[in-house]
$ cat target.tsv   # TSV, C-alpha atoms
chain	number	residue	atom	x	y	z
A	22	MET	CA	49.52	-21.56	39.25
A	23	ALA	CA	46.74	-23.32	41.15
A	24	VAL	CA	44.15	-21.57	39.00
A	25	ASN	CA	45.95	-22.68	35.83
A	26	ARG	CA	46.03	-26.22	37.07
A	27	ALA	CA	42.33	-26.07	37.88
A	28	GLU	CA	41.68	-24.79	34.38
A	29	GLU	CA	43.79	-27.53	32.85
A	30	TYR	CA	41.95	-30.08	34.93
A	31	LYS	CA	38.60	-28.71	33.86
A	32	GLU	CA	39.65	-28.72	30.22
A	33	LEU	CA	40.88	-32.30	30.39
A	34	ILE	CA	37.79	-33.65	32.13
A	35	THR	CA	35.42	-31.71	29.90
A	36	SER	CA	37.11	-32.95	26.77
A	37	ILE	CA	37.11	-36.57	27.80
A	38	ARG	CA	34.16	-37.18	30.08
A	39	ASP	CA	31.84	-38.44	27.34
A	40	THR	CA	34.52	-40.87	26.23
A	41	LEU	CA	34.99	-42.02	29.82
A	42	TYR	CA	31.27	-42.47	30.26
A	43	ARG	CA	30.85	-44.50	27.06
A	44	LEU	CA	33.95	-46.52	27.81
A	45	ALA	CA	32.70	-47.36	31.29
A	46	LEU	CA	29.21	-48.02	30.01
A	47	SER	CA	30.48	-50.47	27.41
A	48	ILE	CA	32.09	-52.49	30.19
A	49	VAL	CA	29.68	-52.23	33.10
A	50	VAL	CA	26.53	-52.03	30.90
A	51	ASP	CA	24.80	-49.92	33.50
A	52	SER	CA	24.40	-46.16	33.18
A	53	ALA	CA	24.34	-45.46	36.92
A	54	THR	CA	27.57	-47.37	37.48
A	55	ALA	CA	29.13	-45.69	34.44
A	56	GLU	CA	28.22	-42.27	35.85
A	57	ASP	CA	29.68	-43.30	39.16
A	58	ILE	CA	32.92	-44.30	37.48
A	59	VAL	CA	33.18	-40.98	35.65
A	60	GLN	CA	32.67	-39.22	38.96
A	61	ASP	CA	35.23	-41.40	40.64
A	62	VAL	CA	37.77	-40.83	37.87
A	63	SER	CA	37.21	-37.06	38.03
A	64	GLU	CA	37.93	-37.04	41.73
A	65	ARG	CA	40.97	-39.25	41.41
A	66	VAL	CA	42.35	-37.12	38.62
A	67	TRP	CA	41.89	-34.02	40.75
A	68	ARG	CA	43.68	-35.62	43.67
A	69	ALA	CA	46.54	-36.74	41.42
A	70	ARG	CA	46.39	-33.67	39.15
A	71	ASP	CA	50.09	-32.96	39.36
A	72	ALA	CA	50.94	-36.42	38.10
A	73	VAL	CA	48.13	-36.60	35.56
A	74	LEU	CA	48.26	-33.14	34.01
A	75	TYR	CA	51.98	-33.23	33.50
A	76	SER	CA	52.18	-36.81	32.33
A	77	GLU	CA	53.09	-37.34	28.72
A	78	HIS	CA	49.58	-38.40	27.71
A	79	PRO	CA	46.97	-37.24	30.23
A	80	LYS	CA	44.04	-38.60	28.20
A	81	ALA	CA	45.59	-42.02	27.96
A	82	TYR	CA	46.22	-41.98	31.68
A	83	VAL	CA	42.62	-41.04	32.45
A	84	CYS	CA	41.16	-43.57	30.00
A	85	ARG	CA	43.21	-46.34	31.56
A	86	MET	CA	41.98	-45.25	34.96
A	87	ALA	CA	38.34	-45.42	33.83
A	88	HIS	CA	38.86	-48.76	32.14
A	89	ASN	CA	40.50	-50.26	35.20
A	90	LEU	CA	37.78	-48.96	37.49
A	91	ALA	CA	35.10	-50.37	35.20
A	92	ILE	CA	36.80	-53.76	35.16
A	93	ASP	CA	37.04	-53.65	38.95
A	94	ARG	CA	33.31	-52.90	39.21
A	95	VAL	CA	32.45	-55.82	36.94
A	96	ARG	CA	34.63	-58.16	39.00
A	97	GLN	CA	33.15	-56.86	42.20
A	98	ARG	CA	29.66	-57.44	40.83
A	99	GLN	CA	30.61	-60.96	39.80
A	100	ARG	CA	31.99	-61.66	43.26
A	101	GLU	CA	28.86	-60.32	44.90
A	102	ARG	CA	26.71	-62.42	42.59
A	103	SER	CA	28.78	-65.49	43.41
A	104	ILE	CA	28.37	-64.84	47.11
A	105	ALA	CA	24.64	-64.28	46.68
A	106	ILE	CA	24.24	-67.72	45.14
A	107	GLU	CA	26.53	-69.32	47.69
A	108	GLY	CA	29.49	-69.70	45.46
A	109	VAL	CA	27.77	-71.63	42.72
A	110	ALA	CA	28.53	-70.07	39.36
A	111	VAL	CA	25.59	-70.28	37.04
A	112	GLU	CA	24.58	-68.50	33.87
A	113	ASP	CA	22.09	-65.72	34.19
A	114	GLY	CA	19.16	-67.43	32.56
A	115	ASN	CA	17.14	-64.28	32.12
A	116	SER	CA	19.73	-62.41	30.15
A	117	GLU	CA	19.45	-64.71	27.16
A	118	SER	CA	15.72	-64.71	27.13
A	119	ASN	CA	15.82	-60.92	27.26
A	120	ILE	CA	17.76	-60.66	24.06
A	121	ARG	CA	15.13	-59.58	21.63
A	122	ASP	CA	17.09	-58.13	18.80
A	123	MET	CA	20.43	-58.04	17.08
A	124	ALA	CA	21.49	-54.83	18.77
A	125	SER	CA	21.06	-56.11	22.30
A	126	LEU	CA	22.71	-59.38	21.37
A	127	THR	CA	25.60	-57.49	19.82
A	128	ARG	CA	26.00	-55.45	23.00
A	129	LYS	CA	26.01	-58.60	25.04
A	130	ILE	CA	28.64	-60.25	22.84
A	131	ILE	CA	30.83	-57.15	23.02
A	132	SER	CA	30.47	-56.98	26.79
A	133	GLU	CA	31.74	-60.56	27.00
A	134	LEU	CA	34.90	-59.91	25.03
A	135	PRO	CA	38.21	-59.96	26.90
A	136	ALA	CA	38.77	-56.62	28.62
A	137	LYS	CA	41.58	-55.53	26.34
A	138	GLN	CA	39.65	-56.34	23.17
A	139	GLN	CA	36.66	-54.50	24.55
A	140	LEU	CA	38.75	-51.45	25.30
A	141	ILE	CA	40.43	-51.42	21.92
A	142	MET	CA	37.21	-51.99	20.00
A	143	HIS	CA	35.52	-49.19	21.91
A	144	LEU	CA	38.33	-46.71	21.37
A	145	ARG	CA	38.47	-47.45	17.67
A	146	ASP	CA	34.90	-48.18	16.60
A	147	VAL	CA	33.10	-45.79	18.94
A	148	GLU	CA	35.59	-43.07	19.76
A	149	GLY	CA	37.45	-43.16	16.46
A	150	TYR	CA	40.94	-43.03	17.95
A	151	GLU	CA	44.04	-43.61	15.87
A	152	PHE	CA	45.95	-46.84	16.48
A	153	GLU	CA	48.85	-44.90	17.95
A	154	GLU	CA	46.64	-43.34	20.61
A	155	ILE	CA	44.92	-46.62	21.36
A	156	ALA	CA	48.32	-48.26	21.83
A	157	ARG	CA	49.21	-45.63	24.44
A	158	ILE	CA	45.97	-46.14	26.33
A	159	ALA	CA	46.02	-49.93	26.13
A	160	GLU	CA	49.74	-49.96	26.94
A	161	CYS	CA	50.76	-52.14	24.02
A	162	ASP	CA	52.18	-51.67	20.56
A	163	GLU	CA	50.18	-50.95	17.43
A	164	VAL	CA	50.59	-54.47	16.09
A	165	SER	CA	48.98	-55.80	19.23
A	166	VAL	CA	46.19	-53.24	18.93
A	167	ARG	CA	45.41	-54.35	15.38
A	168	MET	CA	45.56	-58.01	16.34
A	169	ASN	CA	43.20	-57.56	19.28
A	170	LEU	CA	40.86	-55.39	17.26
A	171	SER	CA	40.73	-57.90	14.43
A	172	ARG	CA	39.99	-60.73	16.85
A	173	ALA	CA	37.28	-58.74	18.55
A	174	ARG	CA	35.53	-57.77	15.32
A	175	LYS	CA	35.70	-61.29	13.94
A	176	ARG	CA	34.45	-62.83	17.14
A	177	VAL	CA	31.46	-60.52	17.37
A	178	ARG	CA	30.59	-61.16	13.74
A	179	GLU	CA	30.96	-64.93	14.09
A	180	GLU	CA	28.81	-65.08	17.19
A	181	LEU	CA	26.14	-63.04	15.48
A	182	ILE	CA	26.26	-65.36	12.45
A	183	THR	CA	25.90	-68.36	14.75
A	184	MET	CA	22.92	-66.76	16.42
A	185	MET	CA	21.31	-65.93	13.11
A	186	ASN	CA	21.81	-69.46	11.83
A	187	HIS	CA	20.53	-71.19	14.94
A	188	GLY	CA	18.21	-68.66	16.43
A	189	VAL	CA	19.83	-69.03	19.86
A	190	ARG	CA	23.32	-68.87	21.22
B	857	MET	CA	28.77	-47.69	-2.65
B	858	GLU	CA	29.56	-50.56	-4.99
B	859	LEU	CA	29.29	-53.99	-3.42
B	860	ASP	CA	32.79	-54.88	-4.54
B	861	ARG	CA	34.10	-51.90	-2.64
B	862	VAL	CA	32.00	-52.85	0.38
B	863	LYS	CA	33.39	-56.37	0.29
B	864	ILE	CA	36.97	-55.16	0.16
B	865	LEU	CA	36.43	-52.69	2.96
B	866	ILE	CA	34.75	-55.32	5.14
B	867	GLU	CA	37.61	-57.74	4.63
B	868	ARG	CA	40.11	-55.06	5.57
B	869	TYR	CA	37.92	-53.92	8.44
B	870	LEU	CA	37.89	-57.40	9.94
B	871	GLU	CA	41.67	-57.52	9.67
B	872	ALA	CA	41.89	-54.10	11.35
B	873	GLU	CA	43.56	-52.66	8.31
B	874	THR	CA	41.08	-49.94	7.42
B	875	THR	CA	41.72	-46.28	8.03
B	876	LEU	CA	39.34	-44.14	10.07
B	877	ASP	CA	38.00	-42.62	6.85
B	878	GLU	CA	37.30	-46.05	5.39
B	879	GLU	CA	35.57	-47.07	8.59
B	880	ARG	CA	33.41	-43.97	8.41
B	881	GLU	CA	32.60	-44.91	4.83
B	882	LEU	CA	31.49	-48.35	5.96
B	883	ALA	CA	29.47	-46.90	8.82
B	884	GLU	CA	27.68	-44.60	6.42
B	885	TYR	CA	26.95	-47.48	4.08
B	886	PHE	CA	25.39	-49.58	6.82
B	887	ALA	CA	23.44	-46.62	8.19
B	888	THR	CA	21.97	-45.51	4.88
B	889	SER	CA	21.72	-48.50	2.53
B	890	GLU	CA	18.45	-50.32	2.38
B	891	ASP	CA	19.41	-53.41	0.40
B	892	ILE	CA	22.23	-54.84	2.44
B	893	PRO	CA	23.12	-58.47	1.67
B	894	GLN	CA	22.09	-60.95	4.36
B	895	GLU	CA	25.70	-61.96	4.99
B	896	TYR	CA	26.47	-58.41	6.10
B	897	GLU	CA	23.66	-58.23	8.64
B	898	PRO	CA	25.95	-58.99	11.60
B	899	LEU	CA	28.20	-56.10	10.60
B	900	ARG	CA	25.23	-53.82	10.23
B	901	ALA	CA	24.20	-54.74	13.77
B	902	MET	CA	27.72	-53.98	14.99
B	903	PHE	CA	27.83	-50.57	13.30
B	904	GLN	CA	24.34	-49.85	14.60
B	905	VAL	CA	25.48	-50.50	18.16
B	906	PHE	CA	28.56	-48.32	17.68
B	907	ASP	CA	26.38	-45.50	16.36
B	908	ASP	CA	23.99	-45.87	19.29
B	909	VAL	CA	26.83	-45.68	21.79
B	910	LYS	CA	28.42	-42.67	20.07
B	911	VAL	CA	25.46	-40.44	20.87
B	912	GLN	CA	25.49	-41.21	24.57
B	913	HIS	CA	26.83	-38.49	26.81
B	914	ALA	CA	27.91	-38.31	30.38
B	915	PRO	CA	25.37	-36.55	32.56
B	916	GLU	CA	26.33	-33.15	33.92
B	917	VAL	CA	27.23	-34.40	37.32
B	918	VAL	CA	30.96	-34.44	36.88
B	919	PRO	CA	32.51	-31.96	39.29
B	920	SER	CA	34.08	-29.06	37.51
B	921	ALA	CA	37.34	-27.49	38.47
B	922	ASN	CA	35.35	-24.73	40.17
B	923	ASP	CA	33.64	-27.28	42.34
B	924	LYS	CA	36.95	-28.83	43.08
B	925	LYS	CA	38.34	-25.52	44.18
B	926	ALA	CA	35.95	-25.77	47.05
B	927	ARG	CA	37.59	-28.96	48.17
B	928	PRO	CA	40.39	-27.30	50.13
B	929	HIS	CA	37.65	-25.60	52.17
B	930	ARG	CA	36.05	-28.94	52.77
B	931	ARG	CA	39.37	-30.35	53.81
B	932	ARG	CA	39.91	-27.34	56.05
B	933	TRP	CA	36.60	-28.10	57.71
B	934	TRP	CA	37.81	-31.59	58.41
B	935	LEU	CA	40.98	-30.20	59.87
B	936	ILE	CA	39.09	-27.67	61.96
B	937	SER	CA	36.60	-30.20	63.24
B	938	GLY	CA	39.40	-32.70	63.90
B	939	ALA	CA	41.44	-30.17	65.77
B	940	THR	CA	38.40	-29.07	67.73
B	941	THR	CA	37.63	-32.65	68.68
B	942	ILE	CA	41.18	-33.25	69.82
B	943	ALA	CA	41.21	-29.99	71.78
B	944	ALA	CA	37.91	-30.86	73.41
B	945	ALA	CA	39.16	-34.33	74.30
B	946	ALA	CA	42.35	-32.87	75.75
B	947	ALA	CA	40.34	-30.36	77.76
B	948	CYS	CA	38.11	-33.11	79.13
B	949	LEU	CA	41.13	-35.18	80.03
B	950	ILE	CA	42.76	-32.30	81.85
B	951	VAL	CA	39.57	-31.59	83.77
B	952	MET	CA	39.27	-35.24	84.71
B	953	LEU	CA	42.89	-35.51	85.73
B	954	ILE	CA	42.76	-32.53	88.07
B	955	PRO	CA	41.49	-33.96	91.32
B	956	PRO	CA	38.88	-32.15	93.28
B	957	ALA	CA	40.67	-30.42	96.16
B	958	ALA	CA	38.51	-32.10	98.76
B	959	ASN	CA	39.40	-35.58	97.57
B	960	ILE	CA	43.12	-35.22	97.26
B	961	ASP	CA	44.10	-36.04	100.75
B	962	SER	CA	41.94	-39.07	101.31
B	963	SER	CA	42.67	-40.55	97.90
B	964	ALA	CA	46.32	-39.95	98.28
B	965	MET	CA	46.32	-41.71	101.58
B	966	GLU	CA	44.88	-44.77	99.94
B	967	HIS	CA	47.09	-44.84	96.84
B	968	GLY	CA	50.05	-42.72	97.72
B	969	SER	CA	52.58	-45.50	98.14
B	970	ARG	CA	51.67	-47.11	94.84
B	971	ALA	CA	51.95	-43.78	93.13
B	972	VAL	CA	55.46	-43.30	94.39
B	973	GLU	CA	56.49	-46.69	93.08
B	974	THR	CA	55.16	-46.33	89.55
B	975	PRO	CA	54.59	-42.72	88.69
B	976	LYS	CA	53.87	-42.15	85.02
B	977	LEU	CA	54.14	-38.48	84.54
B	978	ILE	CA	55.06	-36.81	81.32
B	979	CYS	CA	55.42	-33.09	81.04
B	980	HIS	CA	57.10	-30.50	78.86
B	981	ILE	CA	59.57	-28.01	80.26
B	982	ASN	CA	60.64	-25.27	77.94
B	983	GLY	CA	59.49	-27.36	75.02
B	984	LYS	CA	61.40	-30.46	76.08
B	985	ARG	CA	59.62	-33.68	76.93
B	986	VAL	CA	60.40	-34.76	80.47
B	987	THR	CA	59.45	-38.15	81.86
B	988	ASN	CA	61.50	-38.02	85.01
B	989	ASP	CA	59.07	-37.42	87.85
B	990	ILE	CA	61.58	-35.75	90.11
B	991	VAL	CA	62.74	-33.32	87.46
B	992	ALA	CA	59.16	-32.57	86.62
B	993	CYS	CA	58.27	-32.10	90.26
B	994	ASN	CA	61.22	-29.84	90.90
B	995	GLN	CA	60.42	-27.72	87.91
B	996	ALA	CA	56.80	-27.54	88.82
B	997	ASN	CA	57.74	-26.78	92.39
B	998	LYS	CA	59.94	-23.98	91.23
B	999	ILE	CA	57.11	-22.52	89.21
B	1000	LEU	CA	54.20	-23.19	91.42
B	1001	GLY	CA	55.86	-23.11	94.78
B	1002	GLY	CA	53.80	-24.79	97.42
B	1003	VAL	CA	51.29	-26.11	94.92
B	1004	ALA	CA	53.81	-28.67	93.75
B	1005	ASP	CA	53.91	-30.19	97.17
B	1006	ASN	CA	50.74	-31.86	96.26
B	1007	MET	CA	52.22	-33.34	93.08
B	1008	GLN	CA	52.62	-36.78	94.55
B	1009	LEU	CA	49.08	-36.68	95.71
B	1010	ALA	CA	47.94	-35.57	92.28
B	1011	MET	CA	49.93	-38.38	90.72
B	1012	ALA	CA	48.21	-40.80	93.00
B	1013	GLU	CA	44.90	-39.52	91.71
B	1014	ILE	CA	46.09	-39.94	88.15
B	1015	GLU	CA	47.09	-43.47	88.94
B	1016	LYS	CA	43.74	-44.09	90.48
B	1017	PHE	CA	42.01	-42.72	87.42
B	1018	ASN	CA	44.17	-44.87	85.16
B	1019	PHE	CA	43.28	-47.88	87.21
B	1020	ILE	CA	39.57	-47.13	86.97
B	1021	ILE	CA	39.54	-46.66	83.21
B	1022	LYS	CA	41.50	-49.87	82.69
$ encode --input "target.tsv" --output "structure tokens"
Amino acid sequence: MAVNRAEEYKELITSIRDTLYRLALSIVVDSATAEDIVQDVSERVWRARDAVLYSEHPKAYVCRMAHNLAIDRVRQRQRERSIAIEGVAVEDGNSESNIRDMASLTRKIISELPAKQQLIMHLRDVEGYEFEEIARIAECDEVSVRMNLSRARKRVREELITMMNHGVR
Amino acid sequence: MELDRVKILIERYLEAETTLDEERELAEYFATSEDIPQEYEPLRAMFQVFDDVKVQHAPEVVPSANDKKARPHRRRWWLISGATTIAAAAACLIVMLIPPAANIDSSAMEHGSRAVETPKLICHINGKRVTNDIVACNQANKILGGVADNMQLAMAEIEKFNFIIK
């Protein structure tokens, strides 16, 4: 029984770890942190394997876990940055000057989308999930998934157009 | 792909109405076409980023189930080390609480009366927790005979020790 569960766990993590990594990476924009999140999720899933493996949708459960952890890391980083500059919130001046091409600008725009839009866009445009599966992971209905996805795609495109027209954001 | 078709697909894509196959069709168009209209450049950049992300893989540092099987051993080590620590602490406490024979009398003379007033002795008799000093003394007396006569003196030493560590 325990061996079977270990096998199921291994199968689940193996099948989804790349997705978890990319999902985390799209949010935290840092490979080391993304790796850390995948590791963290793997350990948490193992600890809660009974609940996860026998849940209705284990992959959705695990994806949500990774997404939430990534959001937490971003918030934590923001808090630390705020503390480091004594509570004064300022824009990171270097980040804009470092944007040298459309791809990096696109990544930046995507990383600034609302968390839910980011998640949905990633699951659809990168992972190629069906709307039904995305709805399970994002815990909303398919109409909401489509609406959020549409907004995300349009916003990224519009921001890129603005940048192209004006040279800067 | 015909530009008319591209335009239709892009409109549907932005409304999130395309199927996965249609999205793959669009991705292929942006990845392979050389003469893409300027107005579609932002979308090409988006699809480029998606393609770049798709090829990224998690490094092989994720613990496998086999690794995880070792965890119970690790936990057991924690349990063993924890239990050992507690046992060692208990042993030290017992050693400290047993007064050296030579000191019993003199110490008891100094603190004996106080010990009688506020004895704090807890012991277990036949698995039952006993806090009543007299019952404990009687039981101990029964078992140890004359040794228990020194119980009050020992309690005085305990009290003294408690006072010191406070």
$ closest_residue --input "target.tsv" --among "A:Glu163, A:Asp51, A:Glu77, A:Glu56" --to "chain B" --atoms "all atoms listed in the file"
A:Glu56
$ interface_residues --input "target.tsv" --of "chain B" --to "chain A" --cutoff "7 Å" --atoms "only C-alpha atoms" --output "MDAnalysis selection string"
chainID B and resid 870:872 876 898:899 901:902 905:906 909:910 912:914 918 920:921
$ atom_distance --input "target.tsv" --atom1 "CA of Gln894 (chain B)" --atom2 "CA of Glu881 (chain B)"
19.2 Å
$ residues_around --input "target.tsv" --residues "Leu859 (chain B)" --least-positions-apart "5" --cutoff "10 Å" --atoms "only C-alpha atoms" --output "list in words"
Ile864, Leu865, Ile892 and Pro893 of chain B
$ atom_distance --input "target.tsv" --atom1 "CA of Ala136 (chain A)" --atom2 "CA of Ile92 (chain A)"
7.4 Å
$ atom_distance --input "target.tsv" --atom1 "CA of Val73 (chain A)" --atom2 "CA of Leu33 (chain A)"
9.9 Å
